[in-house]
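S.K.: protein.pdb is the file, holding PDB, C-alpha atoms:
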ATOM      1  CA  MET A   1      -5.336 -76.327  10.401
ATOM      2  CA  GLU A   2      -8.524 -75.018  11.858
ATOM      3  CA  ILE A   3      -6.652 -72.388  13.778
ATOM      4  CA  ASN A   4      -5.118 -71.132  10.577
ATOM      5  CA  SER A   5      -8.451 -71.058   8.794
ATOM      6  CA  VAL A   6     -10.076 -69.182  11.684
ATOM      7  CA  THR A   7      -7.205 -66.771  11.750
ATOM      8  CA  THR A   8      -7.450 -66.383   8.011
ATOM      9  CA  ARG A   9     -11.150 -65.654   8.261
ATOM     10  CA  LYS A  10     -10.692 -63.048  10.973
ATOM     11  CA  LEU A  11      -7.788 -61.377   9.254
ATOM     12  CA  PRO A  12      -9.710 -60.284   6.176
ATOM     13  CA  LEU A  13     -12.438 -58.807   8.386
ATOM     14  CA  GLN A  14      -9.950 -56.976  10.552
ATOM     15  CA  THR A  15      -7.917 -55.867   7.552
ATOM     16  CA  SER A  16     -11.067 -54.637   5.858
ATOM     17  CA  TYR A  17     -12.075 -52.738   9.001
ATOM     18  CA  ASN A  18      -8.557 -51.317   9.421
ATOM     19  CA  ILE A  19      -8.418 -50.246   5.779
ATOM     20  CA  SER A  20     -11.788 -48.543   6.119
ATOM     21  CA  THR A  21     -10.696 -46.762   9.316
ATOM     22  CA  SER A  22      -7.336 -45.886   7.769
ATOM     23  CA  THR A  23      -9.053 -44.513   4.663
ATOM     24  CA  ARG A  24     -11.372 -42.348   6.754
ATOM     25  CA  GLN A  25      -8.456 -41.073   8.818
ATOM     26  CA  SER A  26      -6.440 -40.352   5.681
ATOM     27  CA  THR A  27      -9.399 -38.541   4.105
ATOM     28  CA  MET A  28      -9.873 -36.449   7.268
ATOM     29  CA  PHE A  29      -6.156 -35.683   7.330
ATOM     30  CA  ASN A  30      -6.234 -34.608   3.664
ATOM     31  CA  ALA A  31      -9.364 -32.494   4.226
ATOM     32  CA  ARG A  32      -7.736 -30.759   7.185
ATOM     33  CA  GLY A  33      -4.641 -30.121   5.076
ATOM     34  CA  VAL A  34      -6.711 -28.586   2.270
ATOM     35  CA  VAL A  35      -8.600 -26.360   4.726
ATOM     36  CA  LEU A  36      -5.337 -25.290   6.398
ATOM     37  CA  TYR A  37      -3.753 -24.536   3.019
ATOM     38  CA  ALA A  38      -6.806 -22.506   1.961
ATOM     39  CA  LEU A  39      -6.744 -20.497   5.199
ATOM     40  CA  ILE A  40      -3.042 -19.764   4.868
ATOM     41  CA  SER A  41      -3.485 -18.708   1.230
ATOM     42  CA  ILE A  42      -6.377 -16.408   2.060
ATOM     43  CA  CYS A  43      -4.698 -14.835   5.083
ATOM     44  CA  SER A  44      -1.246 -14.341   3.609
ATOM     45  CA  THR A  45      -0.294 -11.117   1.853
ATOM     46  CA  ASP A  46       2.234 -10.449  -0.809
ATOM     47  CA  GLU A  47       5.376  -8.440  -0.107
ATOM     48  CA  SER A  48       4.215  -5.240  -1.862
ATOM     49  CA  LYS A  49       1.228  -4.930   0.473
ATOM     50  CA  ILE A  50       3.509  -5.347   3.475
ATOM     51  CA  LYS A  51       5.908  -2.723   2.067
ATOM     52  CA  ASN A  52       3.101  -0.180   1.775
ATOM     53  CA  ALA A  53       1.790  -0.952   5.227
ATOM     54  CA  GLN A  54       5.075  -0.546   7.128
ATOM     55  CA  LYS A  55       4.334   2.982   8.320
ATOM     56  CA  PRO A  56       0.941   4.296   9.352
ATOM     57  CA  VAL A  57      -0.683   6.943   7.185
ATOM     58  CA  ARG A  58      -0.596  10.343   8.897
ATOM     59  CA  LEU A  59      -1.469  14.000   8.479
ATOM     60  CA  PHE A  60       1.394  16.439   7.741
ATOM     61  CA  SER A  61       1.463  20.171   8.325
ATOM     62  CA  GLU A  62       3.692  22.214   5.989
ATOM     63  CA  GLU A  63       6.283  22.528   8.778
ATOM     64  CA  GLU A  64       6.329  18.763   9.420
ATOM     65  CA  LEU A  65       6.712  17.971   5.739
ATOM     66  CA  GLN A  66       9.684  20.384   5.480
ATOM     67  CA  ARG A  67      11.612  18.156   7.926
ATOM     68  CA  TYR A  68      11.749  15.448   5.250
ATOM     69  CA  ASP A  69      13.396  17.486   2.482
ATOM     70  CA  GLY A  70      16.418  15.212   2.040
ATOM     71  CA  SER A  71      18.862  17.540   3.774
ATOM     72  CA  GLU A  72      19.663  15.080   6.577
ATOM     73  CA  ASP A  73      21.381  11.762   5.882
ATOM     74  CA  GLY A  74      19.439   8.782   7.170
ATOM     75  CA  GLN A  75      16.158  10.709   7.278
ATOM     76  CA  PRO A  76      13.360   9.651   4.890
ATOM     77  CA  ILE A  77      12.560  11.947   1.967
ATOM     78  CA  TYR A  78       8.909  12.902   1.520
ATOM     79  CA  MET A  79       7.137  15.017  -1.038
ATOM     80  CA  ALA A  80       3.481  15.710  -1.713
ATOM     81  CA  VAL A  81       1.541  15.867  -4.940
ATOM     82  CA  LYS A  82      -2.168  16.732  -4.875
ATOM     83  CA  GLY A  83      -2.058  16.615  -1.074
ATOM     84  CA  VAL A  84      -0.835  12.993  -0.991
ATOM     85  CA  VAL A  85       2.513  12.551   0.786
ATOM     86  CA  PHE A  86       4.850   9.994  -0.791
ATOM     87  CA  ASP A  87       8.032   8.458   0.616
ATOM     88  CA  VAL A  88      10.468   9.069  -2.254
ATOM     89  CA  THR A  89      13.530   7.882  -0.327
ATOM     90  CA  THR A  90      14.145   5.080  -2.852
ATOM     91  CA  GLY A  91      14.598   7.828  -5.449
ATOM     92  CA  GLN A  92      17.277   9.536  -3.366
ATOM     93  CA  GLU A  93      19.415  10.085  -6.466
ATOM     94  CA  PHE A  94      16.599  12.330  -7.768
ATOM     95  CA  TYR A  95      15.199  13.893  -4.578
ATOM     96  CA  GLY A  96      18.083  13.750  -2.074
ATOM     97  CA  LYS A  97      20.441  16.533  -1.021
ATOM     98  CA  GLY A  98      22.068  18.074  -4.104
ATOM     99  CA  ALA A  99      19.983  15.920  -6.480
ATOM    100  CA  PRO A 100      18.271  17.454  -9.539
ATOM    101  CA  TYR A 101      14.725  17.368  -8.104
ATOM    102  CA  ASN A 102      15.552  18.093  -4.471
ATOM    103  CA  ALA A 103      13.595  21.356  -4.711
ATOM    104  CA  LEU A 104      10.388  19.261  -4.879
ATOM    105  CA  ALA A 105      11.116  17.392  -1.621
ATOM    106  CA  GLY A 106       9.721  18.413   1.746
ATOM    107  CA  LYS A 107       6.672  20.225   0.355
ATOM    108  CA  ASP A 108       3.517  19.874  -1.704
ATOM    109  CA  SER A 109       4.921  20.452  -5.188
ATOM    110  CA  THR A 110       1.725  19.911  -7.160
ATOM    111  CA  ARG A 111       2.071  23.012  -9.368
ATOM    112  CA  ALA A 112       5.753  22.334 -10.104
ATOM    113  CA  VAL A 113       4.975  18.743 -11.124
ATOM    114  CA  ALA A 114       2.125  19.907 -13.383
ATOM    115  CA  LYS A 115       4.317  22.537 -15.050
ATOM    116  CA  MET A 116       7.484  20.413 -14.943
ATOM    117  CA  SER A 117       9.150  23.377 -13.296
ATOM    118  CA  LEU A 118      11.663  23.889 -10.522
ATOM    119  CA  GLU A 119      11.002  27.630 -10.229
ATOM    120  CA  PRO A 120      10.508  28.669  -6.577
ATOM    121  CA  ALA A 121       7.148  30.289  -7.416
ATOM    122  CA  ASP A 122       5.864  26.926  -8.697
ATOM    123  CA  LEU A 123       6.803  24.947  -5.586
ATOM    124  CA  THR A 124       3.280  25.048  -4.163
ATOM    125  CA  HIS A 125       0.036  23.110  -3.877
ATOM    126  CA  ASP A 126      -1.862  25.837  -5.754
ATOM    127  CA  THR A 127      -3.147  24.751  -9.170
ATOM    128  CA  THR A 128      -4.939  28.002  -9.972
ATOM    129  CA  GLY A 129      -4.407  29.075 -13.575
ATOM    130  CA  LEU A 130      -2.958  25.798 -14.858
ATOM    131  CA  THR A 131      -3.881  24.886 -18.422
ATOM    132  CA  GLU A 132      -5.890  21.774 -19.287
ATOM    133  CA  SER A 133      -2.716  20.257 -20.733
ATOM    134  CA  GLN A 134      -0.815  20.898 -17.479
ATOM    135  CA  LEU A 135      -3.643  19.376 -15.418
ATOM    136  CA  GLN A 136      -3.622  16.281 -17.634
ATOM    137  CA  SER A 137       0.141  16.050 -17.275
ATOM    138  CA  LEU A 138      -0.229  16.342 -13.495
ATOM    139  CA  GLU A 139      -2.733  13.488 -13.445
ATOM    140  CA  GLN A 140      -0.519  11.245 -15.591
ATOM    141  CA  ILE A 141       2.556  11.876 -13.457
ATOM    142  CA  PHE A 142       0.571  11.493 -10.227
ATOM    143  CA  LYS A 143      -0.768   8.085 -11.252
ATOM    144  CA  GLY A 144       2.021   6.811 -13.480
ATOM    145  CA  THR A 145       5.000   7.887 -11.416
ATOM    146  CA  TYR A 146       4.198   8.710  -7.825
ATOM    147  CA  LYS A 147       1.317   6.331  -7.071
ATOM    148  CA  ALA A 148       2.982   3.572  -9.108
ATOM    149  CA  LYS A 149       6.478   3.873  -7.594
ATOM    150  CA  TYR A 150       6.313   5.320  -4.099
ATOM    151  CA  PRO A 151       4.437   4.342  -0.925
ATOM    152  CA  ILE A 152       1.867   6.764   0.443
ATOM    153  CA  VAL A 153       2.749   7.806   3.999
ATOM    154  CA  GLY A 154       0.100  10.442   4.599
ATOM    155  CA  TYR A 155      -1.721  13.541   3.484
ATOM    156  CA  THR A 156      -1.111  17.241   3.818
ATOM    157  CA  SER A 157      -3.326  18.903   6.383
ATOM    158  CA  ARG A 158      -4.530  21.237   3.631
ATOM    159  CA  ARG A 159      -6.215  18.282   1.949
ATOM    160  CA  LEU A 160      -8.269  17.447   5.040
ATOM    161  CA  LEU A 161      -8.536  20.755   6.899
ATOM    162  CA  ARG A 162      -9.895  24.197   6.083
ATOM    163  CA  GLU A 163      -7.666  27.278   6.137
ATOM    164  CA  ASP A 164      -8.716  28.009   9.763
ATOM    165  CA  GLY A 165      -7.647  24.499  10.841
ATOM    166  CA  SER A 166     -11.153  23.128  11.298
ATOM    167  CA  PRO A 167     -11.974  19.759   9.691
ATOM    168  CA  ASP A 168     -13.276  19.898   6.158
ATOM    169  CA  THR A 169     -16.532  17.995   6.659
ATOM    170  CA  ASP A 170     -17.166  18.074   2.913
ATOM    171  CA  PHE A 171     -13.970  16.121   2.213
ATOM    172  CA  LYS A 172     -14.716  12.499   1.390
ATOM    173  CA  PRO A 173     -11.706  10.454   0.273
ATOM    174  CA  GLU A 174     -13.928   8.161  -1.775
ATOM    175  CA  ASP A 175     -15.104  11.170  -3.838
ATOM    176  CA  GLN A 176     -11.569  12.200  -4.795
ATOM    177  CA  PRO A 177     -10.373  11.511  -8.342
ATOM    178  CA  ASN A 178      -8.683   8.118  -8.698
ATOM    179  CA  PHE A 179      -9.363   7.190  -5.071
ATOM    180  CA  ALA A 180      -8.877   3.530  -4.250
ATOM    181  CA  ILE A 181      -8.922   2.348  -0.645
ATOM    182  CA  ARG A 182      -6.165  -0.221  -1.165
ATOM    183  CA  ASP A 183      -3.896   2.432  -2.706
ATOM    184  CA  GLU A 184      -4.429   5.353  -0.386
ATOM    185  CA  PHE A 185      -5.498   4.112   3.052
TER
END
Represent the structure from my file as structure tokens, please.
M.R.:
Amino acid sequence: MEINSVTTRKLPLQTSYNISTSTRQSTMFNARGVVLYALISICSTDESKIKNAQKPVRLFSEEELQRYDGSEDGQPIYMAVKGVVFDVTTGQEFYGKGAPYNALAGKDSTRAVAKMSLEPADLTHDTTGLTESQLQSLEQIFKGTYKAKYPIVGYTSRRLLREDGSPDTDFKPEDQPNFAIRDEF
């Protein structure tokens, strides 16, 4: 009987010690799990950010941009508005070969977008002489359609370089209208 009572006395002590150790280990395990979950949540990105980051942003000359006019099957379709080059390939039914707005593809079509025109004379970056209404329309379409729907893949060299090809040291992306780092770079 004494053996049982000694064993009984030691068991509660050991059980108490084991429960305390087990509780500490469980708490540490839970804390590590919470920290790991927090790190994964902070470091993970949603799919739209990955989609926009698939291709590096680059600088396009007029000749380079012309290569992406939708005339070749399997080639991406690019167009520029306000010097920002968008990948409009997902809108192939609008901008692809033979599509209604194919004239806008492969170039900076800022004036044409502002005027809602497909006239060859309007297929240019030049906004000289546009009315206030046309400039407002341009801004709405730029933000509401192009920036909202299509990934930015680069900029026209005209936006960043002077006519002689030298860098425009006065150009500061952060000073541009509606600039947002997450959207444009």
S.K.: For the interface of stretch 69-117 of chain A with stretch 135-145 of chain A (cut-off 10 Å, counting only C-alpha atoms), please tabulate each contacting residue of stretch 69-117 of chain A alongside its nearest pair of atoms and their separation in Å to one decimal, rows sorted by chain and increasing number, as a Markdown table.
M.R.:
| residue | atom | partner | partner_atom | distance |
| --- | --- | --- | --- | --- |
| A:Ala80 | CA | A:Phe142 | CA | 9.9 |
| A:Val81 | CA | A:Phe142 | CA | 6.9 |
| A:Lys82 | CA | A:Phe142 | CA | 8.0 |
| A:Val84 | CA | A:Phe142 | CA | 9.5 |
| A:Thr110 | CA | A:Leu138 | CA | 7.5 |
| A:Arg111 | CA | A:Leu138 | CA | 8.2 |
| A:Ala112 | CA | A:Leu138 | CA | 9.1 |
| A:Val113 | CA | A:Leu138 | CA | 6.2 |
| A:Ala114 | CA | A:Leu138 | CA | 4.3 |
| A:Lys115 | CA | A:Leu138 | CA | 7.8 |
| A:Met116 | CA | A:Leu138 | CA | 8.8 |
S.K.: Enter the distance from atom CA of A:Pro100 to atom CA of A:Glu119, in Å, rounded to one decimal.
M.R.: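 Between atom CA of A:Pro100 and atom CA of A:Glu119 the gap is 12.5 Å.
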S.K.: Would you pick out the contacts of stretch 62-74 of chain A at 7 Å or less, using all atoms listed in the file, so that residues sharing its chain but fewer than 4 positions from it are not included, and give the list as a PyMOL selection string?
M.R.: chain A and resi 78+95-97+105-107
S.K.: As AutoDock Vina command-line options, please: the centre and edge lengths in Å, to one decimal, of an axis-aligned box enclosing every listed atom of stretch 116-132 of chain A with 4 Å added on each side.
M.R.:
--center_x 2.9 --center_y 25.4 --center_z -11.6 --size_x 25.6 --size_y 17.9 --size_z 23.4
S.K.: In Å to one decimal, how far is atom CA of A:Arg58 from atom CA of A:Phe94?
M.R.: 24.0 Å
S.K.: Let me make sure I understand: among A:Asp108, A:Glu93, A:Asp122, A:Asp170, which one has the smallest atom-to-atom distance to A:Phe60 if we use only C-alpha atoms?
M.R.: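 Looking only at the distances to A:Phe60, the closest residue turns out to be A:Asp108.
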S.K.: Could you jot down the atom CA of A:Leu59 to atom CA of A:Thr89 separation for me, Å, one decimal place?
M.R.: 18.4 Å
S.K.: Between A:Asp87, A:Pro151, A:Asn102, A:Ser117, which is the closest to A:Gln134 once you count all atoms listed in the file?
M.R.: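 So, comparing all the options, the nearest one is A:Ser117.
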S.K.: Calculated over only C-alpha atoms, which of the candidates A:Phe86, A:Met79, A:Thr128, A:Val153 has the smallest distance to A:Leu104?
M.R.: A:Met79
S.K.: Would you mind putting back all heavy atoms on stretch 86-97 of chain A, then writing it out as a JSON list (two decimals), in the coordinates of the input?
M.R.:
[["chain", "number", "residue", "atom", "x", "y", "z"],
["A", 86, "PHE", "N", 4.16, 11.21, -0.36],
["A", 86, "PHE", "CA", 4.85, 9.99, -0.79],
["A", 86, "PHE", "C", 6.23, 9.92, -0.15],
["A", 86, "PHE", "O", 6.89, 10.93, 0.03],
["A", 86, "PHE", "CB", 5.03, 10.00, -2.32],
["A", 86, "PHE", "CG", 3.75, 9.97, -3.08],
["A", 86, "PHE", "CD1", 3.16, 11.13, -3.53],
["A", 86, "PHE", "CD2", 3.12, 8.76, -3.36],
["A", 86, "PHE", "CE1", 1.98, 11.12, -4.25],
["A", 86, "PHE", "CE2", 1.92, 8.73, -4.07],
["A", 86, "PHE", "CZ", 1.35, 9.90, -4.51],
["A", 87, "ASP", "N", 6.67, 8.70, 0.15],
["A", 87, "ASP", "CA", 8.03, 8.46, 0.62],
["A", 87, "ASP", "C", 8.87, 8.20, -0.62],
["A", 87, "ASP", "O", 8.80, 7.12, -1.23],
["A", 87, "ASP", "CB", 8.08, 7.26, 1.56],
["A", 87, "ASP", "CG", 9.47, 6.99, 2.11],
["A", 87, "ASP", "OD1", 10.46, 7.51, 1.55],
["A", 87, "ASP", "OD2", 9.57, 6.24, 3.10],
["A", 88, "VAL", "N", 9.66, 9.17, -1.04],
["A", 88, "VAL", "CA", 10.47, 9.07, -2.25],
["A", 88, "VAL", "C", 11.93, 8.74, -1.94],
["A", 88, "VAL", "O", 12.81, 8.95, -2.78],
["A", 88, "VAL", "CB", 10.35, 10.36, -3.11],
["A", 88, "VAL", "CG1", 8.93, 10.54, -3.62],
["A", 88, "VAL", "CG2", 10.83, 11.58, -2.36],
["A", 89, "THR", "N", 12.16, 8.20, -0.76],
["A", 89, "THR", "CA", 13.53, 7.88, -0.33],
["A", 89, "THR", "C", 14.24, 6.94, -1.30],
["A", 89, "THR", "O", 15.44, 7.08, -1.53],
["A", 89, "THR", "CB", 13.52, 7.27, 1.09],
["A", 89, "THR", "OG1", 12.78, 8.13, 1.95],
["A", 89, "THR", "CG2", 14.92, 7.09, 1.63],
["A", 90, "THR", "N", 13.50, 6.00, -1.90],
["A", 90, "THR", "CA", 14.14, 5.08, -2.85],
["A", 90, "THR", "C", 14.63, 5.81, -4.10],
["A", 90, "THR", "O", 15.47, 5.29, -4.83],
["A", 90, "THR", "CB", 13.19, 3.94, -3.26],
["A", 90, "THR", "OG1", 12.01, 4.49, -3.83],
["A", 90, "THR", "CG2", 12.85, 3.06, -2.07],
["A", 91, "GLY", "N", 14.13, 7.00, -4.34],
["A", 91, "GLY", "CA", 14.60, 7.83, -5.45],
["A", 91, "GLY", "C", 15.55, 8.90, -4.97],
["A", 91, "GLY", "O", 15.56, 10.02, -5.49],
["A", 92, "GLN", "N", 16.37, 8.58, -3.98],
["A", 92, "GLN", "CA", 17.28, 9.54, -3.37],
["A", 92, "GLN", "C", 18.18, 10.21, -4.39],
["A", 92, "GLN", "O", 18.51, 11.39, -4.25],
["A", 92, "GLN", "CB", 18.11, 8.84, -2.29],
["A", 92, "GLN", "CG", 18.97, 9.77, -1.50],
["A", 92, "GLN", "CD", 19.58, 9.09, -0.28],
["A", 92, "GLN", "OE1", 19.32, 7.93, -0.01],
["A", 92, "GLN", "NE2", 20.36, 9.83, 0.46],
["A", 93, "GLU", "N", 18.55, 9.48, -5.44],
["A", 93, "GLU", "CA", 19.42, 10.09, -6.47],
["A", 93, "GLU", "C", 18.70, 11.20, -7.22],
["A", 93, "GLU", "O", 19.34, 12.04, -7.86],
["A", 93, "GLU", "CB", 19.95, 9.03, -7.44],
["A", 93, "GLU", "CG", 18.90, 8.35, -8.30],
["A", 93, "GLU", "CD", 18.21, 7.16, -7.62],
["A", 93, "GLU", "OE1", 18.38, 6.94, -6.42],
["A", 93, "GLU", "OE2", 17.46, 6.46, -8.33],
["A", 94, "PHE", "N", 17.38, 11.26, -7.14],
["A", 94, "PHE", "CA", 16.60, 12.33, -7.77],
["A", 94, "PHE", "C", 16.18, 13.40, -6.77],
["A", 94, "PHE", "O", 16.16, 14.58, -7.09],
["A", 94, "PHE", "CB", 15.33, 11.78, -8.43],
["A", 94, "PHE", "CG", 15.60, 10.73, -9.46],
["A", 94, "PHE", "CD1", 15.29, 9.41, -9.23],
["A", 94, "PHE", "CD2", 16.21, 11.07, -10.67],
["A", 94, "PHE", "CE1", 15.54, 8.44, -10.18],
["A", 94, "PHE", "CE2", 16.46, 10.11, -11.63],
["A", 94, "PHE", "CZ", 16.13, 8.77, -11.38],
["A", 95, "TYR", "N", 15.81, 12.98, -5.55],
["A", 95, "TYR", "CA", 15.20, 13.89, -4.58],
["A", 95, "TYR", "C", 16.08, 14.22, -3.37],
["A", 95, "TYR", "O", 15.74, 15.06, -2.57],
["A", 95, "TYR", "CB", 13.87, 13.31, -4.08],
["A", 95, "TYR", "CG", 12.90, 13.05, -5.20],
["A", 95, "TYR", "CD1", 12.70, 11.76, -5.67],
["A", 95, "TYR", "CD2", 12.20, 14.09, -5.79],
["A", 95, "TYR", "CE1", 11.81, 11.51, -6.70],
["A", 95, "TYR", "CE2", 11.32, 13.86, -6.83],
["A", 95, "TYR", "CZ", 11.13, 12.57, -7.28],
["A", 95, "TYR", "OH", 10.26, 12.34, -8.31],
["A", 96, "GLY", "N", 17.21, 13.53, -3.23],
["A", 96, "GLY", "CA", 18.08, 13.75, -2.07],
["A", 96, "GLY", "C", 18.85, 15.06, -2.15],
["A", 96, "GLY", "O", 18.75, 15.83, -3.12],
["A", 97, "LYS", "N", 19.64, 15.30, -1.11],
["A", 97, "LYS", "CA", 20.44, 16.53, -1.02],
["A", 97, "LYS", "C", 21.34, 16.66, -2.25],
["A", 97, "LYS", "O", 22.07, 15.74, -2.59],
["A", 97, "LYS", "CB", 21.28, 16.47, 0.25],
["A", 97, "LYS", "CG", 22.05, 17.71, 0.56],
["A", 97, "LYS", "CD", 22.77, 17.55, 1.89],
["A", 97, "LYS", "CE", 23.52, 18.80, 2.27],
["A", 97, "LYS", "NZ", 24.19, 18.63, 3.56]]
